[in-house]
file model.csv (CSV, C-alpha atoms and all ligand atoms)
chain,number,residue,atom,x,y,z
A,1,MET,CA,130.8,67.5,-2.1
A,2,LYS,CA,132.3,68.4,-5.4
A,3,VAL,CA,132.8,64.7,-6.3
A,4,THR,CA,129.2,63.9,-5.3
A,5,ARG,CA,127.8,66.6,-7.5
A,6,CYS,CA,129.8,65.3,-10.5
A,7,VAL,CA,128.5,61.8,-9.9
A,8,VAL,CA,124.9,63.0,-9.8
A,9,ALA,CA,125.3,65.0,-13.0
A,10,ALA,CA,126.9,62.0,-14.7
A,11,PHE,CA,124.0,59.8,-13.6
A,12,PHE,CA,121.4,62.2,-15.0
A,13,LEU,CA,123.3,62.4,-18.3
A,14,ALA,CA,123.3,58.6,-18.5
A,15,VAL,CA,119.6,58.4,-17.8
A,16,SER,CA,118.7,61.0,-20.4
A,17,ALA,CA,121.0,59.4,-23.0
A,18,ARG,CA,119.3,56.0,-22.3
A,19,GLY,CA,115.9,57.6,-22.6
A,20,ALA,CA,116.7,59.0,-26.0
A,21,ASN,CA,117.8,55.6,-27.3
A,22,GLU,CA,115.2,53.5,-25.6
A,23,VAL,CA,113.3,51.2,-27.8
A,24,ILE,CA,109.5,51.0,-27.1
A,25,ALA,CA,107.3,48.3,-28.6
A,26,LEU,CA,103.6,49.3,-28.8
A,27,LYS,CA,101.2,46.4,-29.1
A,28,ALA,CA,97.4,46.3,-29.6
A,29,ALA,CA,94.7,44.0,-31.0
A,30,ARG,CA,94.6,46.0,-34.3
A,31,ILE,CA,96.5,48.5,-36.4
A,32,PHE,CA,95.5,51.1,-38.9
A,33,ASP,CA,98.5,52.4,-40.8
A,34,GLY,CA,96.9,55.6,-42.2
A,35,LYS,CA,96.7,54.5,-45.8
A,36,SER,CA,95.4,50.9,-46.1
A,37,ASN,CA,91.8,50.1,-46.8
A,38,ALA,CA,91.4,47.8,-43.8
A,39,LEU,CA,92.8,47.3,-40.3
A,40,VAL,CA,95.0,44.4,-39.6
A,41,GLN,CA,95.2,42.2,-36.5
A,42,ASN,CA,97.9,42.0,-33.9
A,43,GLY,CA,99.4,45.5,-34.4
A,44,VAL,CA,102.9,46.3,-33.4
A,45,VAL,CA,104.8,49.6,-33.7
A,46,ILE,CA,108.5,49.6,-32.7
A,47,VAL,CA,109.7,53.1,-31.7
A,48,GLY,CA,113.4,54.1,-31.3
A,49,GLY,CA,114.0,57.7,-30.2
A,50,ASP,CA,111.6,60.0,-32.0
A,51,LYS,CA,111.1,57.7,-35.0
A,52,ILE,CA,109.2,54.6,-36.0
A,53,VAL,CA,111.6,51.7,-36.5
A,54,ASP,CA,108.9,49.4,-37.9
A,55,ALA,CA,105.2,48.9,-37.9
A,56,GLY,CA,102.9,46.1,-38.9
A,57,SER,CA,101.2,42.9,-37.9
A,58,ASN,CA,102.8,40.3,-35.6
A,59,LEU,CA,106.3,41.9,-35.8
A,60,PRO,CA,109.0,40.3,-33.7
A,61,ILE,CA,109.7,42.4,-30.6
A,62,PRO,CA,113.4,43.2,-29.8
A,63,SER,CA,114.4,41.8,-26.5
A,64,SER,CA,115.7,45.2,-25.3
A,65,ALA,CA,112.3,46.9,-25.9
A,66,ARG,CA,110.0,48.3,-23.3
A,67,VAL,CA,106.6,46.8,-24.2
A,68,ILE,CA,103.4,48.8,-23.8
A,69,ASP,CA,100.5,46.5,-24.4
A,70,LEU,CA,97.4,48.5,-25.1
A,71,GLY,CA,95.1,45.4,-25.3
A,72,ASP,CA,91.8,45.5,-27.2
A,73,ALA,CA,92.5,48.7,-29.1
A,74,THR,CA,93.6,50.0,-32.5
A,75,LEU,CA,97.0,51.7,-33.0
A,76,CYS,CA,96.6,54.6,-35.4
A,77,PRO,CA,98.9,57.4,-36.7
A,78,GLY,CA,98.4,60.6,-34.5
A,79,PHE,CA,95.4,62.4,-35.8
A,80,ILE,CA,95.7,65.7,-37.7
A,81,ASP,CA,93.2,68.6,-37.6
A,82,ALA,CA,93.6,70.9,-40.6
A,83,HIS,CA,91.4,73.7,-39.1
A,84,THR,CA,91.8,74.8,-35.6
A,85,HIS,CA,92.0,78.1,-33.6
A,86,LEU,CA,93.9,77.1,-30.5
A,87,THR,CA,94.4,80.7,-29.5
A,88,SER,CA,90.6,81.3,-29.4
A,89,ASP,CA,88.6,80.5,-26.3
A,90,PHE,CA,85.3,78.6,-26.6
A,91,SER,CA,82.4,80.7,-25.3
A,92,GLY,CA,78.8,79.8,-24.9
A,93,ASP,CA,77.4,83.2,-26.1
A,94,PHE,CA,78.1,85.7,-28.9
A,95,ASN,CA,78.0,88.8,-26.8
A,96,GLN,CA,79.9,87.2,-23.9
A,97,ARG,CA,82.6,86.2,-26.4
A,98,ARG,CA,82.8,89.7,-27.8
A,99,LEU,CA,83.1,91.2,-24.4
A,100,LYS,CA,85.9,88.7,-23.5
A,101,GLU,CA,87.8,89.8,-26.6
A,102,VAL,CA,88.1,93.3,-25.3
A,103,ASP,CA,88.1,92.4,-21.6
A,104,LEU,CA,91.1,90.0,-21.3
A,105,ASN,CA,94.6,91.1,-22.1
A,106,VAL,CA,96.4,89.2,-24.8
A,107,SER,CA,98.9,87.7,-22.4
A,108,GLU,CA,96.1,86.1,-20.4
A,109,GLN,CA,94.5,84.8,-23.6
A,110,ALA,CA,97.9,83.3,-24.6
A,111,ILE,CA,98.2,81.5,-21.3
A,112,ILE,CA,94.6,80.1,-21.7
A,113,ALA,CA,95.7,78.9,-25.2
A,114,THR,CA,98.3,76.6,-23.6
A,115,ALA,CA,95.5,74.6,-22.0
A,116,HIS,CA,93.8,74.4,-25.4
A,117,ALA,CA,97.0,73.0,-26.9
A,118,ARG,CA,97.2,70.4,-24.2
A,119,ALA,CA,93.6,69.3,-24.5
A,120,THR,CA,94.0,68.9,-28.3
A,121,VAL,CA,97.1,66.7,-28.1
A,122,GLU,CA,95.6,64.6,-25.3
A,123,ALA,CA,92.6,64.0,-27.5
A,124,GLY,CA,95.0,62.3,-30.0
A,125,PHE,CA,95.5,65.2,-32.4
A,126,THR,CA,99.3,65.4,-32.6
A,127,THR,CA,99.4,67.9,-35.5
A,128,VAL,CA,97.1,70.9,-36.3
A,129,ARG,CA,96.9,73.5,-39.0
A,130,ASP,CA,95.9,76.5,-37.0
A,131,LEU,CA,94.0,78.9,-39.3
A,132,GLY,CA,93.8,82.3,-37.8
A,133,SER,CA,94.8,83.9,-34.6
A,134,ARG,CA,93.8,87.5,-34.0
A,135,PHE,CA,93.1,89.8,-31.0
A,136,VAL,CA,91.2,93.0,-31.7
A,137,GLY,CA,93.5,96.0,-31.3
A,138,SER,CA,96.6,93.9,-30.9
A,139,ARG,CA,99.4,92.9,-33.3
A,140,GLU,CA,100.6,90.0,-31.2
A,141,PHE,CA,101.4,86.7,-33.0
A,142,VAL,CA,100.1,84.3,-30.3
A,143,ASP,CA,99.9,81.3,-32.6
A,144,VAL,CA,103.6,81.7,-33.6
A,145,ALA,CA,104.5,81.9,-29.9
A,146,LEU,CA,102.4,78.8,-29.1
A,147,ARG,CA,103.9,76.8,-31.9
A,148,ASN,CA,107.5,77.8,-31.0
A,149,SER,CA,106.9,77.0,-27.3
A,150,ILE,CA,105.6,73.5,-28.2
A,151,ASN,CA,108.6,72.9,-30.5
A,152,LYS,CA,111.0,73.9,-27.8
A,153,GLY,CA,109.3,71.6,-25.3
A,154,VAL,CA,108.3,74.5,-23.0
A,155,ILE,CA,104.7,73.4,-23.1
A,156,VAL,CA,102.8,70.3,-24.2
A,157,GLY,CA,100.8,70.5,-27.4
A,158,PRO,CA,100.4,69.4,-31.0
A,159,ARG,CA,102.8,70.2,-33.8
A,160,MET,CA,101.4,73.4,-35.2
A,161,LEU,CA,101.4,74.9,-38.7
A,162,VAL,CA,100.1,78.5,-38.2
A,163,ALA,CA,98.4,81.0,-40.5
A,164,THR,CA,98.8,84.1,-38.2
A,165,LYS,CA,96.0,86.5,-39.3
A,166,GLY,CA,93.5,85.4,-41.9
A,167,ILE,CA,93.6,87.8,-44.8
A,168,GLY,CA,90.4,89.6,-45.9
A,169,ALA,CA,88.9,92.8,-47.1
A,170,THR,CA,88.1,96.0,-45.1
A,171,GLY,CA,84.7,95.4,-43.5
A,172,GLY,CA,84.8,91.8,-44.5
A,173,HIS,CA,84.7,88.5,-42.6
A,174,PHE,CA,88.1,89.0,-40.9
A,175,ASP,CA,87.9,92.7,-40.1
A,176,PRO,CA,88.3,92.6,-36.2
A,177,THR,CA,86.7,96.0,-35.8
A,178,ASN,CA,83.4,95.0,-37.5
A,179,GLY,CA,80.4,96.1,-35.5
A,180,PHE,CA,82.3,98.2,-33.1
A,181,ARG,CA,82.0,102.0,-33.2
A,182,ASP,CA,84.5,103.8,-35.5
A,183,PHE,CA,88.0,104.1,-34.2
A,184,LEU,CA,87.2,102.4,-30.9
A,185,PHE,CA,90.7,100.8,-31.2
A,186,GLY,CA,92.4,104.0,-32.2
A,187,ARG,CA,93.1,103.1,-35.9
A,188,GLU,CA,91.6,101.3,-38.9
A,189,PRO,CA,93.0,97.7,-39.2
A,190,ASP,CA,95.6,97.3,-42.1
A,191,TYR,CA,97.8,94.7,-43.6
A,192,THR,CA,99.5,94.1,-40.2
A,193,ASP,CA,96.0,92.8,-39.1
A,194,GLY,CA,95.5,90.8,-42.3
A,195,ILE,CA,93.1,93.4,-43.7
A,196,ALA,CA,94.1,94.2,-47.3
A,197,ASP,CA,92.2,95.4,-50.4
A,198,GLY,CA,93.6,94.7,-53.8
A,199,SER,CA,96.6,92.7,-55.0
A,200,ASP,CA,99.4,95.0,-53.9
A,201,GLU,CA,98.1,95.2,-50.3
A,202,ILE,CA,97.4,91.4,-50.2
A,203,ARG,CA,101.0,90.8,-51.4
A,204,LYS,CA,102.3,93.0,-48.6
A,205,ALA,CA,100.1,91.2,-46.0
A,206,VAL,CA,101.4,87.8,-47.2
A,207,ARG,CA,105.0,89.0,-47.0
A,208,PHE,CA,104.4,90.5,-43.5
A,209,GLU,CA,102.9,87.3,-42.3
A,210,VAL,CA,105.6,85.0,-43.7
A,211,LYS,CA,108.3,87.4,-42.2
A,212,ASN,CA,106.6,87.0,-38.8
A,213,GLY,CA,106.4,83.2,-38.9
A,214,ALA,CA,103.4,82.1,-40.9
A,215,ASP,CA,103.6,78.5,-42.2
A,216,VAL,CA,100.4,78.8,-44.3
A,217,ILE,CA,98.3,81.6,-45.7
A,218,LYS,CA,94.6,81.8,-45.0
A,219,ALA,CA,92.2,84.0,-47.0
A,220,ALA,CA,88.5,84.7,-46.7
A,221,VAL,CA,86.8,84.9,-50.0
A,222,SER,CA,83.1,84.2,-50.3
A,223,GLY,CA,80.6,82.0,-52.2
A,224,ASP,CA,80.7,79.5,-55.1
A,225,GLN,CA,82.1,81.8,-57.8
A,226,VAL,CA,85.0,83.0,-55.8
A,227,ALA,CA,85.8,79.5,-54.5
A,228,ARG,CA,86.0,78.5,-58.1
A,229,GLU,CA,88.4,81.3,-58.9
A,230,ALA,CA,90.5,80.3,-55.8
A,231,ILE,CA,90.6,76.7,-57.0
A,232,GLU,CA,91.7,77.8,-60.5
A,233,ALA,CA,94.4,79.9,-58.9
A,234,GLY,CA,95.8,76.9,-57.1
A,235,VAL,CA,94.8,77.0,-53.4
A,236,ASP,CA,95.5,73.8,-51.5
A,237,SER,CA,92.2,73.5,-49.7
A,238,ILE,CA,88.8,75.1,-49.5
A,239,GLU,CA,87.4,75.4,-45.9
A,240,HIS,CA,83.7,75.0,-45.1
A,241,GLY,CA,82.6,75.2,-48.7
A,242,SER,CA,78.9,75.0,-47.8
A,243,PHE,CA,77.7,76.9,-50.9
A,244,MET,CA,79.8,75.1,-53.5
A,245,LYS,CA,77.9,73.7,-56.5
A,246,PRO,CA,78.6,70.3,-58.1
A,247,GLU,CA,80.5,72.0,-61.0
A,248,THR,CA,82.9,73.5,-58.5
A,249,LEU,CA,83.4,70.1,-56.8
A,250,THR,CA,84.1,68.7,-60.2
A,251,LEU,CA,86.8,71.3,-60.7
A,252,MET,CA,88.3,70.5,-57.2
A,253,LYS,CA,88.5,66.8,-58.2
A,254,LYS,CA,90.2,67.7,-61.4
A,255,LYS,CA,92.7,70.0,-59.7
A,256,GLY,CA,93.2,67.7,-56.7
A,257,THR,CA,92.1,70.5,-54.3
A,258,PHE,CA,91.2,69.3,-50.8
A,259,LEU,CA,87.8,70.0,-49.1
A,260,THR,CA,88.0,70.7,-45.4
A,261,PRO,CA,84.3,70.4,-44.5
A,262,THR,CA,84.4,71.5,-40.8
A,263,LEU,CA,81.0,69.8,-40.1
A,264,MET,CA,81.5,70.4,-36.4
A,265,ALA,CA,81.2,74.2,-36.9
A,266,THR,CA,77.7,74.0,-38.4
A,267,GLU,CA,76.6,71.4,-35.9
A,268,TRP,CA,77.5,73.6,-32.9
A,269,ILE,CA,76.3,76.8,-34.4
A,270,MET,CA,72.9,75.3,-35.3
A,271,GLY,CA,72.7,73.8,-31.8
A,272,LYS,CA,72.6,77.2,-30.2
A,273,LEU,CA,71.2,79.5,-32.9
A,274,ASP,CA,69.3,81.7,-30.5
A,275,ASN,CA,72.6,83.2,-29.3
A,276,TYR,CA,73.2,84.8,-32.7
A,277,PRO,CA,72.2,88.2,-33.9
A,278,PRO,CA,69.5,87.9,-36.6
A,279,ALA,CA,71.9,88.4,-39.6
A,280,LEU,CA,74.2,85.6,-38.5
A,281,GLN,CA,71.2,83.4,-37.8
A,282,ALA,CA,70.1,83.7,-41.4
A,283,LYS,CA,73.6,83.0,-42.7
A,284,ALA,CA,74.1,80.0,-40.4
A,285,LYS,CA,70.7,78.5,-41.5
A,286,ALA,CA,71.5,78.9,-45.2
A,287,ALA,CA,75.0,77.4,-44.7
A,288,ALA,CA,73.6,74.4,-42.7
A,289,ALA,CA,70.9,73.7,-45.3
A,290,ALA,CA,73.5,73.7,-48.1
A,291,ARG,CA,76.5,71.9,-46.4
A,292,SER,CA,75.1,68.4,-46.0
A,293,ASP,CA,74.2,68.1,-49.7
A,294,MET,CA,77.5,69.6,-50.7
A,295,PHE,CA,79.5,67.1,-48.5
A,296,ARG,CA,77.5,64.1,-49.7
A,297,ASN,CA,78.2,65.2,-53.3
A,298,ALA,CA,81.9,65.7,-52.6
A,299,VAL,CA,82.2,62.2,-51.1
A,300,LYS,CA,80.3,60.6,-54.0
A,301,MET,CA,82.4,62.4,-56.6
A,302,GLY,CA,85.6,61.4,-54.9
A,303,VAL,CA,86.8,64.9,-54.0
A,304,ARG,CA,89.8,64.6,-51.7
A,305,ILE,CA,88.6,65.2,-48.2
A,306,SER,CA,90.8,66.6,-45.4
A,307,PHE,CA,89.8,66.5,-41.7
A,308,GLY,CA,89.2,69.8,-40.0
A,309,THR,CA,86.9,71.0,-37.3
A,310,ASP,CA,87.1,74.7,-36.7
A,311,ALA,CA,88.0,74.0,-33.1
A,312,ALA,CA,87.1,76.9,-30.8
A,313,VAL,CA,83.5,76.9,-32.2
A,314,TYR,CA,83.2,74.0,-29.7
A,315,PRO,CA,85.3,73.3,-26.6
A,316,HIS,CA,88.9,72.3,-27.5
A,317,GLY,CA,89.6,68.6,-27.3
A,318,GLN,CA,86.4,67.3,-28.9
A,319,ASN,CA,87.8,67.3,-32.4
A,320,ALA,CA,87.2,63.6,-33.0
A,321,LYS,CA,83.4,64.2,-33.0
A,322,GLU,CA,83.8,65.3,-36.6
A,323,PHE,CA,84.4,61.6,-37.6
A,324,LYS,CA,80.8,60.6,-36.8
A,325,LEU,CA,79.4,63.6,-38.6
A,326,MET,CA,81.4,62.6,-41.7
A,327,VAL,CA,80.3,59.0,-41.5
A,328,ASP,CA,76.6,60.0,-40.9
A,329,LEU,CA,76.8,61.9,-44.2
A,330,GLY,CA,77.9,59.0,-46.2
A,331,MET,CA,81.7,58.7,-45.8
A,332,ASN,CA,83.2,55.2,-45.3
A,333,PRO,CA,84.7,55.0,-41.7
A,334,ILE,CA,88.1,54.0,-43.1
A,335,ASP,CA,88.1,57.0,-45.5
A,336,ALA,CA,87.2,59.3,-42.6
A,337,LEU,CA,90.2,57.9,-40.7
A,338,LYS,CA,92.5,58.5,-43.7
A,339,SER,CA,91.2,62.1,-44.0
A,340,ALA,CA,92.7,62.8,-40.5
A,341,THR,CA,95.9,60.9,-41.2
A,342,ALA,CA,97.5,60.5,-44.6
A,343,ASN,CA,95.2,63.0,-46.4
A,344,ASP,CA,95.9,65.8,-43.9
A,345,ALA,CA,99.6,65.1,-43.8
A,346,GLU,CA,99.7,65.5,-47.6
A,347,LEU,CA,97.6,68.7,-47.5
A,348,LEU,CA,99.9,70.2,-44.9
A,349,GLY,CA,103.0,69.2,-46.9
A,350,ILE,CA,104.4,67.0,-44.2
A,351,GLY,CA,103.5,63.6,-45.6
A,352,GLN,CA,107.2,62.6,-45.6
A,353,LYS,CA,107.3,62.9,-41.8
A,354,VAL,CA,103.9,62.0,-40.3
A,355,GLY,CA,100.4,60.8,-41.3
A,356,THR,CA,101.1,57.0,-41.5
A,357,LEU,CA,102.7,54.3,-39.4
A,358,GLU,CA,105.7,53.5,-41.5
A,359,LYS,CA,109.4,53.0,-40.9
A,360,GLY,CA,111.4,56.2,-40.6
A,361,LYS,CA,108.4,58.5,-39.8
A,362,LEU,CA,108.1,60.5,-36.6
A,363,ALA,CA,106.6,58.3,-33.9
A,364,ASP,CA,103.2,60.0,-33.5
A,365,VAL,CA,101.1,57.0,-32.5
A,366,ILE,CA,97.7,56.9,-30.7
A,367,ALA,CA,95.4,54.1,-29.6
A,368,VAL,CA,91.6,54.1,-29.7
A,369,PRO,CA,89.5,51.4,-27.9
A,370,GLY,CA,88.0,48.5,-30.0
A,371,ASP,CA,87.6,48.8,-33.7
A,372,PRO,CA,86.9,52.4,-35.0
A,373,THR,CA,85.7,51.0,-38.4
A,374,VAL,CA,82.9,49.3,-36.5
A,375,ASP,CA,82.1,52.2,-34.2
A,376,VAL,CA,83.8,55.4,-35.4
A,377,THR,CA,83.0,57.2,-32.1
A,378,ALA,CA,85.8,55.1,-30.6
A,379,THR,CA,88.0,58.0,-31.9
A,380,GLU,CA,86.4,60.2,-29.2
A,381,ARG,CA,87.9,57.9,-26.5
A,382,VAL,CA,91.6,57.9,-27.3
A,383,SER,CA,93.4,55.9,-24.6
A,384,PHE,CA,97.1,56.5,-25.5
A,385,VAL,CA,99.0,59.3,-27.1
A,386,MET,CA,102.7,59.3,-28.2
A,387,LYS,CA,104.2,62.3,-30.0
A,388,GLU,CA,107.7,62.0,-31.5
A,389,GLY,CA,108.4,59.0,-29.4
A,390,LYS,CA,107.4,60.6,-26.1
A,391,VAL,CA,104.3,59.3,-24.2
A,392,ILE,CA,102.0,62.3,-23.7
A,393,ARG,CA,99.2,60.3,-22.2
A,394,GLN,CA,98.3,56.8,-21.1
A,395,GLY,CA,95.1,56.8,-19.1
A,396,PRO,CA,92.8,59.7,-18.2
A,397,PRO,CA,93.5,63.1,-19.7
A,398,ALA,CA,95.3,65.7,-17.5
A,399,VAL,CA,93.2,68.6,-18.7
A,400,GLN,CA,89.7,68.8,-17.1
A,401,LYS,CA,87.0,69.7,-19.6
A,402,PRO,CA,85.4,73.2,-19.1
A,403,GLN,CA,82.2,73.4,-17.1
A,404,ASN,CA,80.1,74.6,-20.0
A,405,THR,CA,80.8,71.9,-22.5
A,406,ALA,CA,77.2,70.8,-22.6
A,407,LEU,CA,76.1,74.0,-24.3
A,408,PRO,CA,76.6,74.2,-28.1
A,409,HIS,CA,77.5,77.8,-29.1
A,410,LEU,CA,78.8,79.9,-31.8
A,411,THR,CA,82.1,81.5,-32.6
A,412,ALA,CA,82.3,85.1,-33.7
A,413,PRO,CA,81.5,85.3,-37.4
A,414,ALA,CA,83.4,82.0,-37.8
A,415,ASP,CA,86.9,82.2,-39.2
B,1,ZN,ZN,87.9,78.8,-38.6
call {"tool": "encode", "arguments": {"input": "model.csv", "output": "structure tokens", "more": "lines below"}}
Ligand SMILES: [Zn+2]
result
Amino acid sequence: MKVTRCVVAAFFLAVSARGANEVIALKAARIFDGKSNALVQNGVVIVGGDKIVDAGSNLPIPSSARVIDLGDATLCPGFIDAHTHLTSDFSGDFNQRRLKEVDLNVSEQAIIATAHARATVEAGFTTVRDLGSRFVGSREFVDVALRNSINKGVIVGPRMLVATKGIGATGGHFDPTNGFRDFLFGREPDYTDGIADGSDEIRKAVRFEVKNGADVIKAAVSGDQVAREAIEAGVDSIEHGSFMKPETLTLMKKKGTFLTPTLMATEWIMGKLDNYPPALQAKAKAAAAARSDMFRNAVKMGVRISFGTDAAVYPHGQNAKEFKLMVDLGMNPIDALKSATANDAELLGIGQKVGTLEKGKLADVIAVPGDPTVDVTATERVSFVMKEGKVIRQGPPAVQKPQNTALPHLTAPAD
């Protein structure tokens, strides 16, 4: 018996070693490398272990390679979404969402978030910048836990860069006790909840978040003037930016600041406006009226555009619908594709590792049917997903979409 066990163990070791060194050749009718201005025909990506060995058109295929032929499709770098909330659940109704926040314990919400992570990576988004994770009355860092569990291979999901709790003022956009009766949660939120007033408190909040695992810092400011001050101060990106004036966009272009327009957020909120309290309805209408002109101006002026959707304002996994919204507002399809690949990788500071299909980068490779520069909605029908050389999906997704996906809805005062 003892001998048999040893033989079995050795066999498994041999298999896993072979798996790690296996060479895979991905083939498709076209390839978009993440940075070129056009697709090329006869795309090939050679993958060894977790890295890209080579990528291009009509490459010779090593005889030892396992070939995955994806047919009439386009190979692309794994998409990146620079604005998600994977730990927040989509809900069809403002009050229902608010009730859920106090009704479900944080552990249950964390377990639900694992399904959001899976839906996101299966939709072709192999990296996300997750911008804010908070649970009223709780100090848990669920986004950090989710990121670490994905990195350790415990659960399947995208590579995550997390912001922990967005930082904002008492009574401001991020104050989780807003609108509830005083001291319902036993205490006023403080820097441990991301609520900070003045530079000393903000410094403390930032240090607390970095200490607890934040990769990026998110702050809620307000309209055009404050956005300008934040750009002058050197922020990497402005989210939403609906109310930014052309002069502010000029400043962004000069400083190289990215705009993450999150067009999906406005689209879904406007689609179900009746579910909002009157004050939020008025704000949403004003933002929607301003954002299309702002985005068109930004595209015309050549402001760097990053791809981000505010996932959780709509059901997780539908991130790619942002592409069509961008193209409908005047963006060239190839530029929209670059925003979710090379641009986002640069914004996130991980351009040396991901964002393009190039030798030496991590093998995050997806396939979309047909030619996405002809029909950009092809990005919504991703047929193949590989992350770091491992096939996550080939064929139908494992995660079933929630029942209520047909209903547009709102998030709580959107993060
Ligand atoms: Zn958000």
call {"tool": "residues_around", "arguments": {"input": "model.csv", "residues": "Asp328 in chain A", "least_positions_apart": "5", "cutoff": "10 Å", "atoms": "all atoms listed in the file", "output": "list in words"}}
result
Ser292, Arg296, Glu322, Phe323 and Pro333 of chain A
call {"tool": "residues_near_ligand", "arguments": {"input": "model.csv", "ligand": "ligand ZN 1 (chain B)", "cutoff": "10 Å", "atoms": "all atoms listed in the file", "output": "number ranges by chain"}}
result
A: 82-85, 88, 130-133, 166, 218, 239-240, 262, 265, 308-313, 411-415
call {"tool": "closest_residue", "arguments": {"input": "model.csv", "among": "A:Ala367, A:Leu263, A:Ala73, A:Val327", "to": "Arg30 in chain A", "atoms": "only C-alpha atoms"}}
result
A:Ala73
call {"tool": "atom_distance", "arguments": {"input": "model.csv", "atom1": "CA of Val121 in chain A", "atom2": "CA of Val368 in chain A"}}
result
13.8 Å
call {"tool": "closest_residue", "arguments": {"input": "model.csv", "among": "A:Lys253, A:Arg98, A:Lys245, A:Lys27", "to": "Asn58 in chain A", "atoms": "all atoms listed in the file"}}
result
A:Lys27
call {"tool": "closest_residue", "arguments": {"input": "model.csv", "among": "A:Leu348, A:Val303, A:Ala287, A:Val206", "to": "Ile80 in chain A", "atoms": "only C-alpha atoms"}}
result
A:Leu348
call {"tool": "closest_residue", "arguments": {"input": "model.csv", "among": "A:Gly137, A:Gly56, A:Gly43, A:Gly49", "to": "Asp72 in chain A", "atoms": "only C-alpha atoms"}}
result
A:Gly43
call {"tool": "closest_residue", "arguments": {"input": "model.csv", "among": "A:Thr87, A:Asp364, A:Lys324, A:Pro396", "to": "Thr341 in chain A", "atoms": "all atoms listed in the file"}}
result
A:Asp364
call {"tool": "atom_distance", "arguments": {"input": "model.csv", "atom1": "CA of Asn151 in chain A", "atom2": "CA of Gly389 in chain A"}}
result
13.9 Å
call {"tool": "closest_residue", "arguments": {"input": "model.csv", "among": "A:Ala163, A:Glu188, A:Leu104, A:Glu229", "to": "Val210 in chain A", "atoms": "all atoms listed in the file"}}
result
A:Ala163
call {"tool": "atom_distance", "arguments": {"input": "model.csv", "atom1": "CA of Lys359 in chain A", "atom2": "CA of Ala28 in chain A"}}
result
17.8 Å
call {"tool": "build_atoms", "arguments": {"input": "model.csv", "residues": "range 34-44 of chain A", "atoms": "N, CA, C and O atoms", "output": "short mmCIF file (atom, residue, chain, number, x, y, z; two decimals), keeping the file's coordinate frame"}}
result
data_model
loop_
_atom_site.label_atom_id
_atom_site.label_comp_id
_atom_site.auth_asym_id
_atom_site.auth_seq_id
_atom_site.Cartn_x
_atom_site.Cartn_y
_atom_site.Cartn_z
N GLY A 34 97.12 54.21 -41.63
CA GLY A 34 96.90 55.60 -42.20
C GLY A 34 96.61 55.59 -43.64
O GLY A 34 96.11 56.59 -44.15
N LYS A 35 96.91 54.49 -44.35
CA LYS A 35 96.70 54.50 -45.80
C LYS A 35 96.02 53.27 -46.37
O LYS A 35 95.48 53.31 -47.47
N SER A 36 96.05 52.15 -45.61
CA SER A 36 95.40 50.90 -46.10
C SER A 36 93.91 51.00 -46.04
O SER A 36 93.37 51.81 -45.30
N ASN A 37 93.26 50.11 -46.79
CA ASN A 37 91.80 50.10 -46.80
C ASN A 37 91.17 49.28 -45.73
O ASN A 37 89.96 49.13 -45.69
N ALA A 38 91.98 48.66 -44.89
CA ALA A 38 91.40 47.80 -43.80
C ALA A 38 92.43 47.84 -42.64
O ALA A 38 93.62 48.11 -42.81
N LEU A 39 91.90 47.53 -41.45
CA LEU A 39 92.80 47.30 -40.30
C LEU A 39 93.38 45.96 -40.40
O LEU A 39 92.82 45.09 -41.05
N VAL A 40 94.52 45.75 -39.74
CA VAL A 40 95.00 44.40 -39.60
C VAL A 40 95.16 44.02 -38.15
O VAL A 40 95.24 44.91 -37.29
N GLN A 41 95.17 42.72 -37.89
CA GLN A 41 95.20 42.20 -36.50
C GLN A 41 96.60 42.25 -35.94
O GLN A 41 97.58 42.32 -36.68
N ASN A 42 96.67 42.15 -34.62
CA ASN A 42 97.90 42.00 -33.90
C ASN A 42 98.95 43.12 -34.28
O ASN A 42 100.04 42.83 -34.78
N GLY A 43 98.53 44.35 -34.05
CA GLY A 43 99.40 45.50 -34.40
C GLY A 43 100.58 45.67 -33.52
O GLY A 43 100.51 45.48 -32.30
N VAL A 44 101.70 46.01 -34.15
CA VAL A 44 102.90 46.30 -33.40
C VAL A 44 103.57 47.54 -34.04
O VAL A 44 103.67 47.63 -35.27
#
